[in-house]
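Student: Structure file query20.txt (compact mmCIF, C-alpha atoms and all ligand atoms) right here:
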# COMPACT_ATOMS: atom_id res chain seq x y z
CA MET A 1 0.00 0.00 0.00
CA MET A 2 2.65 2.50 1.02
CA ARG A 3 4.64 1.93 -2.14
CA VAL A 4 1.61 2.53 -4.34
CA ARG A 5 0.78 5.81 -2.65
CA ASP A 6 4.37 6.90 -2.92
CA PHE A 7 4.57 6.73 -6.67
CA ILE A 8 1.11 7.85 -7.76
CA ARG A 9 1.53 11.60 -8.14
CA GLN A 10 -0.97 12.09 -10.96
CA ARG A 11 -4.61 11.34 -10.23
CA PRO A 12 -6.69 12.39 -13.27
CA ARG A 13 -9.76 10.84 -11.69
CA ARG A 14 -9.99 13.86 -9.33
CA LEU A 15 -11.48 15.82 -12.24
CA ARG A 16 -14.03 13.12 -12.98
CA ALA A 17 -15.25 12.49 -9.46
CA THR A 18 -18.54 14.40 -9.50
CA GLN A 19 -21.08 15.67 -11.95
CA SER A 20 -20.16 19.25 -11.00
CA ILE A 21 -16.45 18.90 -11.62
CA ARG A 22 -17.12 17.08 -14.89
CA ARG A 23 -19.26 20.00 -16.00
CA LEU A 24 -16.47 22.40 -15.15
CA VAL A 25 -13.78 20.63 -17.14
CA ALA A 26 -15.81 19.50 -20.17
CA GLU A 27 -13.93 20.45 -23.34
CA THR A 28 -16.90 20.16 -25.69
CA ASN A 29 -20.42 21.49 -25.44
CA LEU A 30 -23.38 20.18 -27.36
CA THR A 31 -26.23 22.68 -27.40
CA THR A 32 -29.45 23.02 -29.37
CA ASP A 33 -28.00 26.22 -30.85
CA ARG A 34 -25.79 24.05 -33.06
CA LEU A 35 -28.50 21.87 -34.59
CA ILE A 36 -30.16 21.97 -38.00
CA LEU A 37 -33.26 19.83 -38.63
CA PRO A 38 -33.91 18.40 -42.12
CA LEU A 39 -37.53 18.62 -43.33
CA PHE A 40 -39.11 16.92 -46.35
CA VAL A 41 -41.76 18.63 -48.43
CA ASP A 42 -43.67 16.56 -50.96
CA GLU A 43 -45.75 18.16 -53.69
CA GLY A 44 -47.96 15.09 -54.04
CA GLN A 45 -48.67 14.93 -50.34
CA GLY A 46 -52.13 15.32 -48.82
CA GLU A 47 -51.98 14.52 -45.14
CA PRO A 48 -48.48 14.17 -43.66
CA SER A 49 -47.20 10.60 -43.72
CA GLU A 50 -44.28 9.01 -41.94
CA ILE A 51 -41.19 8.22 -44.00
CA GLU A 52 -40.61 4.51 -43.59
CA SER A 53 -36.84 4.70 -44.02
CA LEU A 54 -36.55 7.61 -41.52
CA PRO A 55 -38.70 6.70 -38.52
CA GLY A 56 -40.02 9.81 -36.77
CA HIS A 57 -39.84 11.95 -39.93
CA MET A 58 -42.72 12.94 -42.19
CA ARG A 59 -43.33 14.10 -45.72
CA TRP A 60 -45.36 17.31 -45.56
CA ALA A 61 -47.40 19.15 -48.14
CA PRO A 62 -46.04 22.63 -48.96
CA GLU A 63 -49.02 24.38 -47.32
CA GLN A 64 -48.48 22.44 -44.09
CA MET A 65 -44.82 23.30 -43.60
CA ALA A 66 -45.52 25.86 -40.90
CA LYS A 67 -46.31 23.05 -38.48
CA PRO A 68 -42.96 21.22 -38.41
CA ALA A 69 -41.18 24.57 -38.73
CA ARG A 70 -42.95 25.97 -35.69
CA GLU A 71 -42.23 22.79 -33.71
CA ALA A 72 -38.54 23.12 -34.51
CA ALA A 73 -38.49 26.78 -33.53
CA GLU A 74 -40.35 26.07 -30.30
CA ALA A 75 -37.81 23.36 -29.45
CA GLY A 76 -35.10 26.02 -29.77
CA ILE A 77 -33.63 24.71 -33.01
CA PRO A 78 -32.33 27.72 -34.98
CA ALA A 79 -32.51 26.35 -38.52
CA VAL A 80 -34.17 23.83 -40.81
CA LEU A 81 -32.89 22.35 -44.08
CA VAL A 82 -35.64 21.83 -46.64
CA PHE A 83 -35.64 18.98 -49.19
CA GLY A 84 -38.25 18.85 -51.93
CA VAL A 85 -39.99 15.94 -53.60
CA PRO A 86 -41.66 17.20 -56.81
CA ALA A 87 -44.79 15.69 -58.36
CA VAL A 88 -43.11 15.36 -61.76
CA LYS A 89 -39.55 14.81 -62.90
CA ASP A 90 -37.85 15.40 -66.26
CA GLU A 91 -34.42 15.16 -67.90
CA VAL A 92 -33.33 18.62 -66.77
CA GLY A 93 -35.03 18.81 -63.37
CA SER A 94 -37.14 21.82 -64.28
CA GLN A 95 -39.24 21.64 -61.10
CA ALA A 96 -36.10 22.49 -59.11
CA TYR A 97 -36.14 26.03 -60.52
CA ASN A 98 -39.87 26.52 -60.95
CA PRO A 99 -40.69 29.71 -58.97
CA LYS A 100 -43.86 27.91 -57.83
CA GLY A 101 -42.02 24.64 -57.20
CA VAL A 102 -42.42 22.52 -54.12
CA VAL A 103 -39.48 23.96 -52.17
CA GLN A 104 -40.20 27.54 -53.20
CA ARG A 105 -43.79 27.22 -51.91
CA ALA A 106 -42.64 25.55 -48.71
CA VAL A 107 -40.06 28.25 -48.01
CA ALA A 108 -42.56 31.03 -48.57
CA GLU A 109 -44.97 29.32 -46.19
CA ILE A 110 -42.36 28.88 -43.45
CA LYS A 111 -41.00 32.42 -43.73
CA ARG A 112 -44.52 33.83 -43.55
CA GLU A 113 -45.49 31.83 -40.47
CA VAL A 114 -42.18 31.42 -38.59
CA PRO A 115 -40.06 34.33 -39.85
CA ASP A 116 -37.25 34.01 -37.31
CA LEU A 117 -36.46 30.40 -38.15
CA ILE A 118 -33.47 30.18 -40.49
CA VAL A 119 -34.48 28.38 -43.66
CA ILE A 120 -31.76 26.57 -45.56
CA THR A 121 -32.59 24.99 -48.91
CA ASP A 122 -30.83 22.04 -50.50
CA VAL A 123 -29.81 23.03 -54.03
CA CYS A 124 -29.56 19.94 -56.20
CA LEU A 125 -31.21 18.37 -59.21
CA CYS A 126 -31.30 14.69 -58.23
CA GLN A 127 -34.81 14.72 -56.73
CA TYR A 128 -36.06 16.52 -59.85
CA THR A 129 -34.39 14.60 -62.69
CA SER A 130 -35.90 11.48 -64.21
CA HIS A 131 -32.45 9.83 -64.21
CA GLY A 132 -31.80 10.76 -60.58
CA HIS A 133 -28.39 12.34 -61.18
CA CYS A 134 -27.29 15.68 -59.74
CA GLY A 135 -26.57 17.20 -63.14
CA VAL A 136 -27.36 17.29 -66.82
CA VAL A 137 -26.67 13.93 -68.48
CA SER A 138 -25.15 13.65 -71.98
CA GLU A 139 -26.14 11.13 -74.65
CA ALA A 140 -23.18 9.04 -73.53
CA GLY A 141 -24.40 9.04 -69.93
CA GLU A 142 -21.83 11.52 -68.63
CA ILE A 143 -22.79 14.02 -65.92
CA LEU A 144 -21.97 17.38 -67.50
CA ASN A 145 -20.52 20.03 -65.20
CA ASP A 146 -20.88 23.41 -66.89
CA PRO A 147 -24.40 23.04 -68.32
CA THR A 148 -25.48 22.01 -64.84
CA LEU A 149 -24.18 25.22 -63.27
CA GLU A 150 -26.77 27.30 -65.05
CA LEU A 151 -29.64 25.15 -63.73
CA ILE A 152 -28.17 25.07 -60.24
CA SER A 153 -27.85 28.88 -60.19
CA LYS A 154 -31.44 29.27 -61.34
CA THR A 155 -32.54 26.90 -58.59
CA ALA A 156 -30.64 28.80 -55.89
CA LEU A 157 -31.97 32.15 -57.12
CA SER A 158 -35.59 30.97 -57.14
CA GLN A 159 -35.17 29.67 -53.59
CA ALA A 160 -33.66 32.98 -52.46
CA GLN A 161 -36.56 34.80 -54.09
CA ALA A 162 -38.94 32.57 -52.15
CA GLY A 163 -37.22 33.69 -48.94
CA ALA A 164 -34.44 31.18 -48.20
CA ASP A 165 -31.86 32.62 -45.81
CA ILE A 166 -29.15 30.17 -46.85
CA VAL A 167 -28.82 28.07 -50.00
CA ALA A 168 -26.92 24.81 -49.74
CA PRO A 169 -25.62 23.35 -53.02
CA SER A 170 -25.08 19.59 -52.64
CA GLY A 171 -24.41 18.42 -56.20
CA MET A 172 -20.58 18.49 -56.13
CA MET A 173 -20.26 20.20 -59.53
CA ASP A 174 -17.08 22.26 -59.94
CA ALA A 175 -17.42 26.06 -59.51
CA THR A 176 -20.94 25.80 -58.10
CA VAL A 177 -20.38 28.30 -55.31
CA ARG A 178 -18.93 30.86 -57.66
CA ALA A 179 -21.82 30.46 -60.11
CA ILE A 180 -24.45 30.81 -57.39
CA ARG A 181 -22.74 33.78 -55.70
CA GLU A 182 -22.59 35.60 -59.01
CA VAL A 183 -26.28 35.12 -59.80
CA LEU A 184 -27.40 36.00 -56.28
CA ASP A 185 -25.33 39.18 -56.22
CA GLU A 186 -26.50 40.27 -59.67
CA SER A 187 -30.10 39.83 -58.58
CA GLY A 188 -29.96 41.74 -55.32
CA PHE A 189 -29.53 38.79 -52.97
CA GLN A 190 -26.20 39.82 -51.50
CA GLN A 191 -27.48 38.86 -48.05
CA THR A 192 -28.37 35.28 -48.95
CA ALA A 193 -25.66 33.02 -47.56
CA ILE A 194 -24.17 29.91 -49.13
CA MET A 195 -23.59 26.74 -47.14
CA ALA A 196 -21.55 24.53 -49.46
CA TYR A 197 -21.63 20.76 -49.27
CA SER A 198 -17.92 21.05 -50.05
CA ALA A 199 -16.71 17.63 -49.01
CA LYS A 200 -19.55 15.31 -49.86
CA TYR A 201 -18.45 11.72 -50.21
CA ALA A 202 -19.85 9.00 -52.48
CA SER A 203 -21.27 7.13 -49.52
CA ALA A 204 -23.35 4.07 -48.71
CA PHE A 205 -24.93 6.06 -45.87
CA TYR A 206 -27.42 8.00 -48.03
CA GLY A 207 -29.74 5.04 -48.64
CA PRO A 208 -32.66 6.03 -46.38
CA PHE A 209 -32.58 9.61 -47.71
CA ARG A 210 -32.78 8.47 -51.31
CA GLU A 211 -35.83 6.46 -50.40
CA ALA A 212 -37.34 9.45 -48.56
CA ALA A 213 -36.62 11.90 -51.37
CA ASP A 214 -37.01 9.43 -54.22
CA SER A 215 -33.61 10.47 -55.56
CA ALA A 216 -31.65 7.29 -56.23
CA PRO A 217 -29.70 7.38 -59.52
CA GLN A 218 -31.46 5.32 -62.19
CA PHE A 219 -28.15 4.20 -63.72
CA GLY A 220 -24.60 4.06 -62.39
CA ASP A 221 -23.59 5.86 -59.21
CA ARG A 222 -22.34 9.27 -58.09
CA ARG A 223 -18.62 8.51 -58.02
CA SER A 224 -17.78 10.81 -60.94
CA TYR A 225 -18.79 13.81 -58.85
CA GLN A 226 -18.88 12.91 -55.14
CA LEU A 227 -15.62 12.34 -53.26
CA ASP A 228 -13.76 9.05 -52.95
CA PRO A 229 -13.84 7.80 -49.33
CA ARG A 230 -10.12 7.01 -49.58
CA ASN A 231 -9.24 10.71 -49.87
CA ALA A 232 -8.94 13.39 -47.21
CA ARG A 233 -6.54 15.87 -48.82
CA GLU A 234 -8.91 16.10 -51.74
CA ALA A 235 -11.66 17.14 -49.33
CA LEU A 236 -9.45 19.93 -48.01
CA ARG A 237 -8.85 21.10 -51.57
CA GLU A 238 -12.60 21.17 -52.31
CA ILE A 239 -13.20 23.10 -49.10
CA ALA A 240 -10.47 25.63 -49.90
CA LEU A 241 -11.93 26.14 -53.38
CA ASP A 242 -15.41 26.76 -51.99
CA VAL A 243 -14.11 29.27 -49.45
CA ALA A 244 -12.24 31.06 -52.23
CA GLU A 245 -15.41 31.07 -54.35
CA GLY A 246 -17.35 32.72 -51.54
CA ALA A 247 -18.88 29.99 -49.38
CA ASP A 248 -20.01 31.37 -46.02
CA ILE A 249 -20.20 27.94 -44.40
CA VAL A 250 -18.59 24.70 -45.58
CA MET A 251 -19.66 21.15 -44.87
CA VAL A 252 -18.31 17.65 -44.47
CA LYS A 253 -20.72 14.81 -45.18
CA PRO A 254 -21.29 12.14 -43.88
CA ALA A 255 -20.03 12.77 -40.35
CA LEU A 256 -19.31 9.60 -38.41
CA ALA A 257 -17.00 7.82 -40.82
CA TYR A 258 -15.30 11.15 -41.63
CA LEU A 259 -14.41 12.60 -38.22
CA ASP A 260 -10.79 12.88 -39.34
CA VAL A 261 -11.87 15.02 -42.28
CA ILE A 262 -13.96 17.21 -39.97
CA ARG A 263 -10.95 17.64 -37.71
CA ARG A 264 -8.61 18.56 -40.55
CA ALA A 265 -11.15 20.88 -42.14
CA SER A 266 -11.78 22.69 -38.86
CA MET A 267 -8.07 23.36 -38.54
CA SER A 268 -7.60 24.53 -42.10
CA VAL A 269 -10.43 27.04 -42.61
CA ASN A 270 -11.73 30.04 -40.73
CA VAL A 271 -15.34 29.91 -41.85
CA PRO A 272 -17.94 27.98 -39.83
CA LEU A 273 -17.92 24.24 -40.45
CA ALA A 274 -21.06 22.10 -40.68
CA ALA A 275 -21.20 18.32 -40.48
CA TYR A 276 -24.08 16.26 -41.85
CA ASN A 277 -25.05 13.33 -39.63
CA VAL A 278 -26.74 11.60 -42.57
CA SER A 279 -29.77 9.36 -42.99
CA GLY A 280 -27.84 6.08 -42.86
CA GLU A 281 -26.18 7.10 -39.60
CA TYR A 282 -29.60 7.90 -38.16
CA ALA A 283 -31.10 4.65 -39.44
CA MET A 284 -28.31 2.58 -37.89
CA VAL A 285 -29.00 4.11 -34.49
CA LYS A 286 -32.74 3.60 -34.85
CA ALA A 287 -32.24 -0.03 -35.87
CA ALA A 288 -29.94 -0.70 -32.92
CA VAL A 289 -32.36 0.96 -30.52
CA ALA A 290 -35.31 -1.01 -31.93
CA LYS A 291 -33.36 -4.22 -31.25
CA GLY A 292 -32.63 -3.14 -27.70
CA LEU A 293 -28.91 -2.94 -28.44
CA MET A 294 -28.36 0.69 -27.46
CA ASP A 295 -29.77 3.40 -25.22
CA GLU A 296 -30.98 5.99 -27.72
CA ARG A 297 -30.37 9.11 -25.65
CA LEU A 298 -26.87 8.12 -24.54
CA GLY A 299 -25.89 6.86 -27.98
CA VAL A 300 -27.11 9.91 -29.88
CA LEU A 301 -25.62 12.41 -27.45
CA GLU A 302 -22.28 10.59 -27.64
CA ILE A 303 -22.31 10.61 -31.45
CA LEU A 304 -23.20 14.29 -31.73
CA THR A 305 -20.71 15.27 -29.04
CA ALA A 306 -18.02 13.40 -30.97
CA ILE A 307 -18.89 15.33 -34.14
CA ARG A 308 -18.58 18.58 -32.19
CA ARG A 309 -15.32 17.40 -30.60
CA ALA A 310 -13.90 16.63 -34.04
CA GLY A 311 -14.43 20.30 -34.90
CA ALA A 312 -17.89 20.84 -36.37
CA ASP A 313 -19.53 24.11 -35.38
CA MET A 314 -23.00 22.93 -36.40
CA ILE A 315 -24.62 19.59 -37.11
CA ILE A 316 -27.40 18.72 -39.52
CA THR A 317 -29.16 15.80 -37.89
CA TYR A 318 -32.44 13.87 -38.01
CA HIS A 319 -32.08 13.54 -34.23
CA ALA A 320 -32.36 17.32 -33.74
CA LYS A 321 -35.79 17.42 -32.12
CA ASP A 322 -35.04 14.55 -29.73
CA VAL A 323 -31.73 16.13 -28.78
CA ALA A 324 -33.34 19.50 -28.15
CA LYS A 325 -35.80 17.80 -25.85
CA TRP A 326 -33.11 15.85 -23.99
CA LEU A 327 -30.88 18.89 -23.58
CA ALA A 328 -33.80 20.95 -22.25
CA GLY A 329 -34.84 18.23 -19.79
C1 LIG B 1 -28.84 15.42 -52.78
C2 LIG B 1 -28.62 15.03 -51.37
C3 LIG B 1 -28.40 13.75 -50.81
C4 LIG B 1 -28.34 13.94 -49.43
C5 LIG B 1 -28.48 15.29 -49.19
N1 LIG B 1 -28.64 15.95 -50.40
C6 LIG B 1 -28.36 12.41 -51.42
C7 LIG B 1 -27.35 12.00 -52.39
O1 LIG B 1 -26.32 12.63 -52.63
O2 LIG B 1 -27.62 10.95 -52.98
C8 LIG B 1 -28.17 12.84 -48.41
C9 LIG B 1 -28.65 13.17 -47.04
C10 LIG B 1 -28.77 12.02 -46.12
O3 LIG B 1 -28.43 10.86 -46.44
O4 LIG B 1 -29.24 12.25 -45.00
N2 LIG B 1 -27.72 15.44 -53.59
In structure tokens, how does this file's structure come out?
Tutor:
Amino acid sequence: MMRVRDFIRQRPRRLRATQSIRRLVAETNLTTDRLILPLFVDEGQGEPSEIESLPGHMRWAPEQMAKPAREAAEAGIPAVLVFGVPAVKDEVGSQAYNPKGVVQRAVAEIKREVPDLIVITDVCLCQYTSHGHCGVVSEAGEILNDPTLELISKTALSQAQAGADIVAPSGMMDATVRAIREVLDESGFQQTAIMAYSAKYASAFYGPFREAADSAPQFGDRRSYQLDPRNAREALREIALDVAEGADIVMVKPALAYLDVIRRASMSVNVPLAAYNVSGEYAMVKAAVAKGLMDERLGVLEILTAIRRAGADMIITYHAKDVAKWLAG
């Protein structure tokens, strides 16, 4: 006994002994202020219906969007991210930039009813194109970059005109941020911010979302535009390009399998960094909880805290409402 006491000089457990001291020394805080809730708006929707692949989430009709928006605001969540499911699709995704399109109507409704809630809109073509790709497709089946930029800019502008506070391009086309910034500025939307999905990986974790948004590619995959999971430096290059092109906020997506990328990104840029805790990550937790394999509250708080610890300033997550409730309680 004596010998043990003699040589133990460092006792890190002192700072873990009580709840109070643990609060005092915590290096990372998870608060509701940092959460963004995704919402799905479906043009063909009558009454809201639950999305099977995303338990706890609904598809709403555009006119009903005030309800989930108000619930988010009342829970203390500062922002929502709106995804649209149009009634019709075509080769060039024209419903994405229809001024009376599903997202544009939803945004107008939310901003009228819950004006203080920050509305972020996903800017992409994949939900709107018959082929399910995020860009214009050539005869040969290639995803064409530059012709896509024009459609993406039109989409972002129409969403800004509807009242979006932040537009979030997620298609991974080169020079997207620059193209959108130019159109917004020319049209008087200097105050509309851009949250760029800068480092979006070609991931297996988007499955439940593609079911929810009906946006799975009808041929091939997205590897000619989304990032290769083997690469991290490439993500930093994409992020640097987007910052140079005028992105206000940059994003890494998915989150859990890319905590190293989040860490490196947070150290290499001085704009706010978002992380997207994607649909597949949510579905894995829900499946484990349904099987009795994990405590949902503890598991989710641990995951989101880890994403914050890695360096994300804000987190887009399907758990947002539950987390807000837990953190308030
Ligand atoms: C559209 C888009 C996707 C997600 C967000 N925007 C799907 C994709 O790239 O196929 C995925 C979100 C999630 O899985 O939660 N490009």
Student: Using only C-alpha atoms, which residues sit within 12 Å of A:Leu327 once same-chain residues fewer than 5 positions away are excluded, as a short mmCIF file (atom, residue, chain, number, x, y, z; two decimals) with C-alpha atoms, keeping the file's coordinate frame?
Tutor:
data_model
loop_
_atom_site.label_atom_id
_atom_site.label_comp_id
_atom_site.auth_asym_id
_atom_site.auth_seq_id
_atom_site.Cartn_x
_atom_site.Cartn_y
_atom_site.Cartn_z
CA ASN A 29 -20.42 21.49 -25.44
CA LEU A 30 -23.38 20.18 -27.36
CA THR A 31 -26.23 22.68 -27.40
CA THR A 32 -29.45 23.02 -29.37
CA ASP A 33 -28.00 26.22 -30.85
CA ARG A 34 -25.79 24.05 -33.06
CA LEU A 35 -28.50 21.87 -34.59
CA ALA A 75 -37.81 23.36 -29.45
CA GLY A 76 -35.10 26.02 -29.77
CA ILE A 77 -33.63 24.71 -33.01
CA ARG A 297 -30.37 9.11 -25.65
CA LEU A 298 -26.87 8.12 -24.54
CA VAL A 300 -27.11 9.91 -29.88
CA LEU A 301 -25.62 12.41 -27.45
CA HIS A 319 -32.08 13.54 -34.23
CA ALA A 320 -32.36 17.32 -33.74
CA LYS A 321 -35.79 17.42 -32.12
CA ASP A 322 -35.04 14.55 -29.73
#
Student: Check every protein, DNA and RNA residue against ligand LIG 1 (chain B), keep those with an atom at most 8 Å away (counting all atoms listed in the file), and present them as JSON, numbers by chain.
Tutor: {"A": [83, 122, 123, 124, 125, 126, 127, 134, 170, 171, 200, 202, 205, 206, 207, 208, 209, 210, 215, 216, 217, 222, 226, 254, 276, 277, 278, 279, 280, 317, 318]}
Student: Residues at most 10 Å from A:Leu149, counting only C-alpha atoms, excluding those fewer than 4 positions away in the same chain, as a list of chain:residue names?
Tutor: A:Gly135, A:Val136, A:Leu144, A:Asn145, A:Ser153, A:Lys154, A:Thr155, A:Gly171, A:Met173, A:Asp174, A:Ala175, A:Thr176, A:Val177, A:Arg178, A:Ala179, A:Ile180
Student: Enter the distance from atom CA of A:Asp185 to atom CA of A:Gly246, in Å, rounded to one decimal.
Tutor: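 Going from atom CA of A:Asp185 over to atom CA of A:Gly246, I get 11.3 Å.
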Student: Could you check how far atom CA of A:Asp146 sits from atom CA of A:Ala96, in Å to one decimal?
Tutor: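 Atom CA of A:Ala96 lies 17.1 Å from atom CA of A:Asp146.
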Student: Kindly compute an axis-aligned box around the listed atoms of stretch 106-117 of chain A, allowing 6 Å on each side, and express its centre and edge lengths in Å to one decimal as lines of an AutoDock Vina configuration file.
Tutor:
center_x = -41.0
center_y = 29.9
center_z = -43.0
size_x = 21.0
size_y = 20.8
size_z = 23.4
Student: Name the residues within 12 Å of (-13.7, 22.7, -41.1), counting all atoms listed in the file in the file's coordinates, and put them as a PyMOL selection string.
Tutor: chain A and resi 196-199+235-240+242-243+248-253+255+258-275+307-314
Student: For atom CA of A:Ala164 and atom CA of A:Ala79, determine how far apart the two atoms are, in Å to one decimal place.
Tutor: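 Taking atom CA of A:Ala164 as the start and atom CA of A:Ala79 as the end point, the length is 11.0 Å.
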Student: With all atoms listed in the file as the counted atoms, please give the residues lying no more than 8 Å from A:Glu296, apart from itself and same-chain residues fewer than 4 positions off, as a list in words.
Tutor: Val285, Lys286, Val289 and Val300 of chain A
Student: Measuring between all atoms listed in the file, which one of A:Ile194, A:Leu54, A:Val137, A:Val80 shows the shortest distance to A:Glu211?
Tutor: A:Leu54
Student: Go through A:Val92, A:Met58, A:Ala140, A:Val41 and flag the residue nearest A:Ala106, using all atoms listed in the file for the distances.
Tutor: A:Val41
Student: Between A:Glu71, A:Leu24, A:Pro86, A:Gly220, which is the closest to A:Glu43 once you count only C-alpha atoms?
Tutor: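 So, comparing all the options, the nearest one is A:Pro86.
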Student: Pick out the closest residue to A:Glu91 from this set: A:Ala328, A:Ile21, A:Ile120, A:Leu151. Count only C-alpha atoms.
Tutor: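 Comparing A:Ala328, A:Ile21, A:Ile120, A:Leu151 against A:Glu91, the winner is A:Leu151.
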Student: Of the candidates A:Glu281, A:Glu182, A:Glu150, A:Glu142, which one gets nearest to A:Phe219 if we count all atoms listed in the file?
Tutor: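 Residue with the minimum atom-to-atom distance to A:Phe219: A:Glu142.
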